[in-house]
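This report refers to the structure that appears directly beneath it.
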Amino acid sequence: MVGVLVQGIYPQYDEGQSIVSTSMQAGSLNSIIPGKYNMVLGALLARKLNVSIGDKVRVILPTKTRFTPMGRIPMQRTFSVSGIFHVGSQIDDQMVIIHGQDAARLERKKGTGVEKIRLYLDDAFTSEQIVQQLKNDAQYSGLEFTTWRMVQGKLFEAVKMEKNMMWIMLSLIVAVAAFNIVSALVMVVIEKQGEIGILKTLGMDRTNIVKVFVTQGLINGMWGASLGCIGGVLLTTYINQLLSLMGLNLLGAGFPDQSLPTILNWNQVLVIYVSAIIMSFLATLYPAYRASNTQPAEVLRNE
């Protein structure tokens with residue numbers, strides 16, 4: 001006994017459009033024929049129920065009942081498994097798809113039983129603009145529209161917050177690295193005060209002293225930023241091969257063939273690289289200023 005979401009569809013409109021129709025492991029959506037009481041379910045759900053193509057599954061609707069000589073009992077019907085899909089998400093063990101007319105009969109509804117119409121878009125991120133255009137059309141004025149952003153709004157808000165937190169964490173990591181540059185250069189200034197004093201007595205002005213330490217800090221920062229960007233790009237590109245080589249499955253045992261989706265945005269890589277260089281430059285200013293203020297007479301007094 002497993003709780004599922006039963007969805008009635010008309011396959012002629014979903015075939016080749018929905019992600020389910022393009023992720024079929026066995027059978028097809030066209031196998032859902034009205035009156036035959038066939039069903040298509042997810043691979044994980046089929047594994048839980050221990051069923052395959054041709055097996056029988058009884059669907060019970062606890063919210064719909066009927067009167068019988070035995071009293072009030074839930075509406076139920078036996079369906080045959082005619083297809084199994086594997087999308088790689090939660091619907092693999094939570095959704096059962098049947099024909100719309102069979103769903104209408106199961107719920108004792110008249111006619112086709114169609115309650116909602118789903119629109120598939122080539123670009124999912126244009127959903128808000130499409131809804132606004134339909135609302136402005138007089139023939140659709142009485143309809144209620146729901147987009148994927150409304151249904152999964154909390155999820156995407158959480159993802160957005162997580163992305164902002166990642167930027168904060170990344171900035172803190174770069175700030176720690178910049179602080180290491182500051183501390184390293186300050187130590188160099190302390191250790192090289194004698195050499196700095198000799199250079200100033202030979203005629204080197206404060207500007208050239210500042211350039212020496214700024215250049216040294218920038219070289220260290222550029223080396224670190226370059227190696228970090230190269231390592232990050234390689235890790236992003238080959239993360240799935242590396243996980244497979246190490247035998248790791250971050251998504252759990254239920255997704256043996258699932259790979260981590262990765263998107264390499266070169267604009268973000270460039271922003272991170274330039275930001276790291278700028279922070280490295282800012283980290284060199286204080287040690288360079290401290291080095292330029294070195295007084296030769298005081299430094300060389302005990303030399």
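Letters A, B, ... go to the chains of the structure tokens in the order shown; residues in each chain start at 1; ligands are counted from 1 in the same order.
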Subject >> All residues 8 Å or closer to Leu44 (chain A), only C-alpha atoms, same chain fewer than 3 positions away omitted, as a PyMOL selection string >> reply: chain A and resi 47-48+86+92-93+254
Export, as a short mmCIF file (atom, residue, chain, number, x, y, z; two decimals), in the first residue's frame, the selected residues with N, CA, C and O atoms.
```
data_model
loop_
_atom_site.label_atom_id
_atom_site.label_comp_id
_atom_site.auth_asym_id
_atom_site.auth_seq_id
_atom_site.Cartn_x
_atom_site.Cartn_y
_atom_site.Cartn_z
N ARG A 47 9.36 -0.42 -8.31
CA ARG A 47 10.25 -1.24 -7.49
C ARG A 47 9.65 -1.46 -6.09
O ARG A 47 9.76 -2.54 -5.52
N LYS A 48 9.02 -0.41 -5.53
CA LYS A 48 8.40 -0.55 -4.22
C LYS A 48 7.26 -1.56 -4.25
O LYS A 48 7.10 -2.37 -3.34
N HIS A 86 11.29 6.90 -15.88
CA HIS A 86 12.33 7.26 -14.90
C HIS A 86 12.82 8.66 -15.23
O HIS A 86 13.62 8.87 -16.13
N ASP A 92 9.05 9.94 -9.58
CA ASP A 92 9.31 8.54 -9.89
C ASP A 92 8.68 7.60 -8.87
O ASP A 92 8.45 6.42 -9.17
N ASP A 93 8.43 8.05 -7.67
CA ASP A 93 7.80 7.19 -6.67
C ASP A 93 6.54 7.83 -6.07
O ASP A 93 6.06 7.38 -5.03
N GLY A 254 18.68 5.34 -4.65
CA GLY A 254 17.53 5.33 -5.55
C GLY A 254 17.81 5.93 -6.90
O GLY A 254 16.99 5.82 -7.81
#
```
**OP:** Tell me which protein, DNA and RNA residues are within 8 Å of Lys56 (chain A), counting only C-alpha atoms, leaving out same-chain ones fewer than 2 positions away, and put them as a PyMOL selection string.
**Re:** chain A and resi 51+54+58+78-81
Please save N, CA and C atoms of the selected residues as a PDB file, in the first residue's frame.
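Written file, out_1.pdb:
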```pdb
ATOM      1  N   VAL A  51       6.295  -4.565  -9.179  1.00  0.00           N
ATOM      2  CA  VAL A  51       5.472  -4.828 -10.356  1.00  0.00           C
ATOM      3  C   VAL A  51       6.273  -4.478 -11.605  1.00  0.00           C
ATOM      4  N   GLY A  54       2.492  -5.386 -17.447  1.00  0.00           N
ATOM      5  CA  GLY A  54       1.487  -6.443 -17.470  1.00  0.00           C
ATOM      6  C   GLY A  54       0.914  -6.797 -16.118  1.00  0.00           C
ATOM      7  N   ARG A  58      -4.155  -2.297  -7.913  1.00  0.00           N
ATOM      8  CA  ARG A  58      -5.466  -1.792  -7.504  1.00  0.00           C
ATOM      9  C   ARG A  58      -5.317  -0.354  -6.993  1.00  0.00           C
ATOM     10  N   THR A  78      -9.006  -1.882 -10.641  1.00  0.00           N
ATOM     11  CA  THR A  78      -7.758  -2.572 -10.958  1.00  0.00           C
ATOM     12  C   THR A  78      -7.230  -2.084 -12.299  1.00  0.00           C
ATOM     13  N   PHE A  79      -5.956  -1.681 -12.321  1.00  0.00           N
ATOM     14  CA  PHE A  79      -5.302  -1.195 -13.529  1.00  0.00           C
ATOM     15  C   PHE A  79      -4.162  -2.135 -13.900  1.00  0.00           C
ATOM     16  N   SER A  80      -3.832  -2.156 -15.175  1.00  0.00           N
ATOM     17  CA  SER A  80      -2.692  -2.925 -15.678  1.00  0.00           C
ATOM     18  C   SER A  80      -1.531  -1.981 -15.944  1.00  0.00           C
ATOM     19  N   VAL A  81      -0.330  -2.361 -15.532  1.00  0.00           N
ATOM     20  CA  VAL A  81       0.869  -1.556 -15.766  1.00  0.00           C
ATOM     21  C   VAL A  81       1.271  -1.700 -17.235  1.00  0.00           C
TER      22      VAL A  81
END
```
**OP:** Give me, please, the distance in Å between CA of Leu5 (chain A) and CA of His99 (chain A), quoted to one decimal.
**Re:**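 Between CA of Leu5 (chain A) and CA of His99 (chain A) the gap is 13.7 Å.
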**OP:** as a PyMOL selection string, list the residues of region 89-236 of chain A assigned to strand (DSSP E) by DSSP on the backbone atoms of this structure.
**Re:** chain A and resi 95-99
Original post:
Using only C-alpha atoms, which residues sit within 9 Å of Tyr289 (chain A) once same-chain residues fewer than 2 positions away are excluded, as number ranges by chain?
Top reply: A: 206, 209-210, 213, 284-287, 291-293
Subject >> region 119-122 of chain A environment, 10 Å, only C-alpha atoms, sequence neighbours closer than 2 positions dropped, as a ChimeraX atom specification >> reply: /A:13-14,17-18,116-117,124-127,130,147
